[in-house]
$ cat input-v3.txt   # compact mmCIF, C-alpha atoms
# COMPACT_ATOMS: atom_id res chain seq x y z
CA MET K 16 61.48 -85.02 108.73
CA LYS K 17 60.12 -81.54 109.37
CA ARG K 18 58.46 -79.06 107.05
CA LEU K 19 60.76 -76.02 107.27
CA PHE K 20 61.19 -72.56 105.80
CA PHE K 21 63.31 -69.47 106.39
CA ALA K 22 61.41 -66.20 106.87
CA LEU K 23 61.89 -62.60 107.84
CA ASP K 24 60.29 -62.00 111.22
CA ILE K 25 57.59 -59.34 111.51
CA ASN K 26 57.28 -57.77 114.95
CA GLN K 27 53.96 -57.89 116.79
CA LYS K 28 53.17 -54.17 116.29
CA ASP K 29 53.61 -54.52 112.51
CA LYS K 30 51.55 -57.74 112.45
CA HIS K 31 48.72 -55.82 114.14
CA ALA K 32 48.93 -53.06 111.50
CA ILE K 33 48.66 -55.68 108.72
CA ALA K 34 45.72 -57.38 110.46
CA LEU K 35 43.99 -54.02 110.91
CA PHE K 36 44.38 -53.23 107.19
CA ARG K 37 42.93 -56.66 106.34
CA GLN K 38 40.02 -56.28 108.75
CA GLN K 39 39.13 -52.74 107.60
CA ASN K 40 39.52 -53.30 103.86
CA LEU K 41 39.07 -56.96 102.98
CA SER K 42 37.15 -58.93 105.60
CA THR K 43 33.66 -57.99 104.36
CA LEU K 44 34.31 -58.85 100.71
CA PRO K 45 32.44 -61.92 99.42
CA SER K 46 34.49 -65.05 98.77
CA ILE K 47 37.70 -63.41 99.98
CA GLY K 48 38.99 -66.71 101.31
CA LYS K 49 40.23 -68.12 104.59
CA PRO K 50 42.21 -65.60 106.69
CA ILE K 51 45.72 -66.52 107.74
CA ASN K 52 46.32 -66.26 111.46
CA GLU K 53 47.93 -62.93 112.35
CA ASN K 54 50.61 -64.77 114.37
CA ASN K 55 51.67 -66.55 111.17
CA PHE K 56 52.43 -63.35 109.20
CA HIS K 57 55.99 -63.49 107.82
CA ILE K 58 58.00 -62.86 104.65
CA THR K 59 59.39 -66.12 103.30
CA LEU K 60 63.05 -66.08 102.33
CA ALA K 61 63.38 -69.74 101.28
CA PHE K 62 60.82 -72.53 101.41
CA LEU K 63 62.52 -75.83 102.23
CA GLY K 64 59.67 -78.31 102.55
CA MET K 65 60.30 -81.68 104.14
CA THR K 66 63.81 -81.56 105.56
CA ASP K 67 65.69 -84.28 107.41
CA SER K 68 67.67 -83.70 110.61
CA THR K 69 71.06 -83.76 108.85
CA GLN K 70 69.94 -81.08 106.37
CA GLN K 71 68.44 -79.04 109.22
CA ASP K 72 71.68 -79.22 111.23
CA LYS K 73 73.71 -78.09 108.22
CA LEU K 74 71.35 -75.17 107.58
CA LEU K 75 71.61 -74.09 111.22
CA ARG K 76 75.40 -74.33 111.09
CA PHE K 77 75.52 -72.30 107.86
CA CYS K 78 73.44 -69.50 109.41
CA ASP K 79 75.48 -69.58 112.63
CA GLU K 80 78.66 -69.16 110.57
CA HIS K 81 77.32 -66.32 108.40
CA PHE K 82 74.94 -64.30 110.59
CA GLN K 83 74.95 -62.80 114.07
CA PRO K 84 72.65 -64.45 116.59
CA PHE K 85 69.57 -62.37 117.29
CA SER K 86 69.02 -60.95 120.75
CA LYS K 87 65.89 -58.98 121.63
CA ASN K 88 67.94 -57.33 124.38
CA ARG K 89 70.14 -55.40 121.94
CA THR K 90 69.70 -51.67 121.85
CA GLN K 91 68.07 -50.04 118.85
CA THR K 92 71.40 -48.58 117.70
CA THR K 93 73.11 -51.96 117.49
CA LEU K 94 70.07 -53.70 116.01
CA SER K 95 69.68 -51.48 112.90
CA PRO K 96 66.33 -52.74 111.59
CA ILE K 97 65.80 -52.55 107.85
CA PRO K 98 62.69 -50.55 106.88
CA VAL K 99 60.45 -51.83 104.07
CA THR K 100 57.04 -50.65 102.91
CA VAL K 101 54.11 -52.86 101.97
CA ASN K 102 52.19 -51.13 99.18
CA THR K 103 50.72 -53.65 96.73
CA LEU K 104 48.01 -56.29 96.81
CA GLY K 105 48.37 -59.43 94.71
CA LEU K 106 46.95 -62.88 94.08
CA PHE K 107 48.85 -66.08 93.36
CA GLN K 108 46.37 -67.74 90.99
CA LYS K 109 47.34 -71.39 91.33
CA PRO K 110 47.61 -71.65 95.13
CA LYS K 111 44.82 -69.03 95.45
CA VAL K 112 46.72 -66.90 97.98
CA LEU K 113 45.91 -63.20 98.40
CA TYR K 114 48.98 -61.29 99.60
CA LEU K 115 50.48 -57.92 100.40
CA GLY K 116 53.61 -57.11 98.44
CA PHE K 117 56.29 -54.51 97.88
CA SER K 118 56.92 -52.29 94.85
CA SER K 119 60.59 -52.32 95.90
CA PHE K 120 62.51 -54.41 98.41
CA ASP K 121 65.83 -53.96 100.19
CA HIS K 122 68.79 -55.52 98.33
CA THR K 123 70.33 -56.85 101.56
CA LEU K 124 67.20 -58.91 102.20
CA ILE K 125 67.10 -60.17 98.61
CA GLY K 126 70.76 -61.20 99.03
CA ILE K 127 69.94 -63.18 102.18
CA ALA K 128 67.12 -64.96 100.33
CA LYS K 129 69.54 -65.90 97.52
CA GLN K 130 72.15 -67.16 99.98
CA LEU K 131 69.65 -69.37 101.78
CA ASN K 132 68.24 -70.65 98.49
CA GLN K 133 71.75 -71.55 97.25
CA GLN K 134 72.59 -73.30 100.52
CA ALA K 135 69.37 -75.34 100.31
CA LYS K 136 70.29 -76.41 96.76
CA LYS K 137 73.76 -77.52 97.96
CA LEU K 138 72.00 -79.75 100.49
CA ALA K 139 69.80 -81.30 97.77
CA ILE K 140 66.68 -79.48 98.98
CA PHE K 141 64.51 -78.68 95.98
CA GLN K 142 64.20 -74.96 95.24
CA GLU K 143 61.87 -73.63 92.55
CA GLU K 144 63.61 -71.73 89.76
CA ARG K 145 61.80 -68.42 89.86
CA ALA K 146 62.51 -64.85 90.83
CA TYR K 147 62.19 -64.04 94.52
CA LEU K 148 58.88 -62.29 95.24
CA PRO K 149 58.70 -61.11 98.86
CA HIS K 150 55.13 -61.03 100.17
CA ILE K 151 52.91 -61.47 103.23
CA SER K 152 50.09 -63.96 102.73
CA LEU K 153 46.72 -62.71 104.01
CA TYR K 154 44.16 -65.28 102.78
CA ARG K 155 44.12 -68.79 101.38
CA LYS K 156 41.48 -70.03 98.91
CA SER K 157 41.01 -66.57 97.39
CA LYS K 158 39.44 -66.53 93.95
CA THR K 159 39.78 -62.93 92.80
CA LEU K 160 42.02 -59.95 93.36
CA PRO K 161 39.99 -57.15 94.98
CA ASN K 162 40.20 -53.75 93.33
CA ILE K 163 41.74 -52.13 96.41
CA SER K 164 44.93 -50.13 96.68
CA PRO K 165 46.49 -50.80 100.07
CA SER K 166 47.68 -47.89 102.11
CA GLU K 167 51.40 -48.04 102.76
CA ILE K 168 52.36 -50.06 105.82
CA SER K 169 55.91 -49.51 107.07
CA LEU K 170 57.67 -52.51 108.58
CA ASN K 171 60.97 -52.64 110.46
CA LEU K 172 62.72 -55.95 109.94
CA ALA K 173 65.51 -56.95 112.30
CA SER K 174 65.75 -60.74 112.11
CA PHE K 175 65.01 -63.93 110.25
CA SER K 176 64.27 -67.41 111.56
CA LEU K 177 64.18 -71.04 110.58
CA TYR K 178 60.54 -72.04 111.07
CA HIS K 179 58.87 -75.40 111.54
CA SER K 180 55.39 -75.58 109.97
CA GLN K 181 53.05 -77.97 111.77
CA SER K 182 49.44 -78.84 111.02
CA THR K 183 47.31 -79.00 114.16
CA SER K 184 43.60 -79.35 114.89
CA TYR K 185 43.60 -75.54 115.33
CA GLY K 186 45.24 -74.91 111.95
CA VAL K 187 48.82 -74.44 110.81
CA MET K 188 51.25 -73.31 113.50
CA TYR K 189 54.71 -71.88 112.79
CA SER K 190 57.35 -72.24 115.46
CA SER K 191 60.75 -70.59 115.28
CA LEU K 192 63.62 -73.05 115.70
CA LYS K 193 66.37 -70.40 115.74
CA THR K 194 66.66 -66.68 114.96
CA TRP K 195 69.48 -64.56 113.51
CA SER K 196 69.89 -60.84 113.04
CA LEU K 197 70.18 -59.45 109.53
CA VAL K 198 73.80 -58.55 110.28
CA LYS K 199 76.36 -60.74 108.56
CA LYS K 200 79.47 -61.84 110.39
$ encode --input "input-v3.txt" --output "structure tokens"
Amino acid sequence: MKRLFFALDINQKDKHAIALFRQQNLSTLPSIGKPINENNFHITLAFLGMTDSTQQDKLLRFCDEHFQPFSKNRTQTTLSPIPVTVNTLGLFQKPKVLYLGFSSFDHTLIGIAKQLNQQAKKLAIFQEERAYLPHISLYRKSKTLPNISPSEISLNLASFSLYHSQSTSYGVMYSSLKTWSLVKK
């Protein structure tokens, strides 16, 4: 069993911009919480939790059948990244997670999240019944929402991955098992 999730990949340049915003605007606030490693920034599409190898294989097959494989060697014109803009700051009260959010989000990406959620349900993987809220987690163990309006951060999203979440002595590490472009077959 592996702890898995699907997420939109954020390129390294955009991760640095998010980390810079966090460092310049939030890092000195008291009791802000524990910062999430910059390398772990992502936008969850579907959280799967503990998943067995049969379920994992079926999820991989589903994505292979419905989405183009991702290749970093593609030219910009064939890649067609989808632009989104981070422009809100929010706090999930119960898990105490401070996050960056979006006042609007691309319908194609919302559709991919729904597809993956539905496929997980078909495979008897529990999915919470709530509206999809795309976000980028910045801190864990946050107690209050700072009164700060984030400047807009533009992101260019070109792929999503199936990630394996592993706890290590250095903290949580996310490793990509396979990546697809946002282009449907």
$ residues_around --input "input-v3.txt" --residues "region 121-136 of chain K" --least-positions-apart "2" --cutoff "8 Å" --atoms "only C-alpha atoms" --output "PyMOL selection string"
chain K and resi 21+60-61+63+74+77+97+99+119+138-142+147+197
$ closest_residue --input "input-v3.txt" --among "K:Arg145, K:His150, K:Arg18, K:His179" --to "Gly116 (chain K)" --atoms "all atoms listed in the file"
K:His150
$ residues_around --input "input-v3.txt" --residues "Ile168 (chain K)" --least-positions-apart "5" --cutoff "8 Å" --atoms "all atoms listed in the file" --output "list of chain:residue names"
K:Ala32, K:Ile33, K:Thr100, K:Val101, K:Asn102
$ residues_around --input "input-v3.txt" --residues "Glu80 (chain K)" --least-positions-apart "3" --cutoff "12 Å" --atoms "only C-alpha atoms" --output "list in words"
Lys73, Leu74, Leu75, Arg76, Phe77, Gln83, Pro84, Trp195, Val198, Lys199 and Lys200 of chain K
$ residues_around --input "input-v3.txt" --residues "Ile51 (chain K)" --least-positions-apart "5" --cutoff "12 Å" --atoms "all atoms listed in the file" --output "JSON, numbers by chain"
{"K": [30, 33, 34, 37, 38, 42, 56, 57, 112, 113, 114, 151, 152, 153, 154, 155, 156, 157, 185, 186, 187, 188, 189]}
$ closest_residue --input "input-v3.txt" --among "K:Ser95, K:Thr103, K:Thr159, K:Thr69" --to "Leu44 (chain K)" --atoms "all atoms listed in the file"
K:Thr159
$ closest_residue --input "input-v3.txt" --among "K:Ser46, K:Ser166, K:Asn54, K:Asn40" --to "Ser191 (chain K)" --atoms "all atoms listed in the file"
K:Asn54
$ residues_around --input "input-v3.txt" --residues "Asn26 (chain K)" --least-positions-apart "2" --cutoff "8 Å" --atoms "all atoms listed in the file" --output "PyMOL selection string"
chain K and resi 24+28-30+171-172
$ decode --input "input-v3.txt" --residues "region 59-125 of chain K" --atoms "C-alpha atoms" --output "short mmCIF file (atom, residue, chain, number, x, y, z; two decimals), in the first residue's frame"
data_model
loop_
_atom_site.label_atom_id
_atom_site.label_comp_id
_atom_site.auth_asym_id
_atom_site.auth_seq_id
_atom_site.Cartn_x
_atom_site.Cartn_y
_atom_site.Cartn_z
CA THR K 59 -3.92 18.55 -5.61
CA LEU K 60 -6.39 17.18 -8.14
CA ALA K 61 -7.49 14.08 -6.20
CA PHE K 62 -6.26 12.75 -2.86
CA LEU K 63 -6.28 8.96 -2.88
CA GLY K 64 -4.75 7.99 0.45
CA MET K 65 -3.61 4.42 1.01
CA THR K 66 -3.87 2.67 -2.34
CA ASP K 67 -3.03 -0.93 -3.17
CA SER K 68 -1.01 -2.00 -6.21
CA THR K 69 -4.08 -3.16 -8.18
CA GLN K 70 -5.80 0.20 -7.68
CA GLN K 71 -2.58 2.02 -8.59
CA ASP K 72 -2.18 0.00 -11.80
CA LYS K 73 -5.78 0.74 -12.81
CA LEU K 74 -5.31 4.47 -12.15
CA LEU K 75 -2.14 4.49 -14.26
CA ARG K 76 -3.92 2.64 -17.07
CA PHE K 77 -6.87 5.06 -16.94
CA CYS K 78 -4.56 8.07 -17.28
CA ASP K 79 -2.55 6.41 -20.05
CA GLU K 80 -5.80 5.81 -21.97
CA HIS K 81 -7.15 9.35 -21.50
CA PHE K 82 -4.13 11.68 -21.46
CA GLN K 83 -1.01 12.23 -23.53
CA PRO K 84 2.27 11.26 -21.86
CA PHE K 85 4.24 14.28 -20.74
CA SER K 86 7.60 15.01 -22.31
CA LYS K 87 9.77 17.90 -21.17
CA ASN K 88 11.35 17.84 -24.62
CA ARG K 89 8.20 19.08 -26.38
CA THR K 90 8.33 22.54 -27.83
CA GLN K 91 6.35 25.33 -26.23
CA THR K 92 3.87 25.38 -29.11
CA THR K 93 2.92 21.73 -28.71
CA LEU K 94 2.91 21.88 -24.91
CA SER K 95 0.29 24.66 -24.52
CA PRO K 96 0.56 25.33 -20.79
CA ILE K 97 -2.57 26.55 -19.05
CA PRO K 98 -2.08 29.86 -17.22
CA VAL K 99 -3.63 30.35 -13.78
CA THR K 100 -3.18 33.14 -11.25
CA VAL K 101 -2.75 32.72 -7.50
CA ASN K 102 -4.43 35.68 -5.79
CA THR K 103 -6.00 34.67 -2.48
CA LEU K 104 -4.76 33.54 0.92
CA GLY K 105 -6.81 31.12 2.97
CA LEU K 106 -6.77 28.87 6.03
CA PHE K 107 -8.26 25.41 6.39
CA GLN K 108 -9.31 25.57 10.05
CA LYS K 109 -9.44 21.89 10.95
CA PRO K 110 -6.14 20.72 9.44
CA LYS K 111 -4.63 24.17 10.20
CA VAL K 112 -3.17 24.63 6.71
CA LEU K 113 -2.43 28.11 5.36
CA TYR K 114 -2.68 28.16 1.57
CA LEU K 115 -2.61 30.26 -1.57
CA GLY K 116 -5.74 30.01 -3.69
CA PHE K 117 -7.40 31.21 -6.85
CA SER K 118 -10.39 33.52 -7.29
CA SER K 119 -11.05 31.65 -10.56
CA PHE K 120 -9.64 28.43 -11.98
CA ASP K 121 -9.47 26.97 -15.47
CA HIS K 122 -12.45 24.71 -16.33
CA THR K 123 -10.22 22.17 -18.10
CA LEU K 124 -8.28 21.62 -14.87
CA ILE K 125 -11.47 21.35 -12.82
#
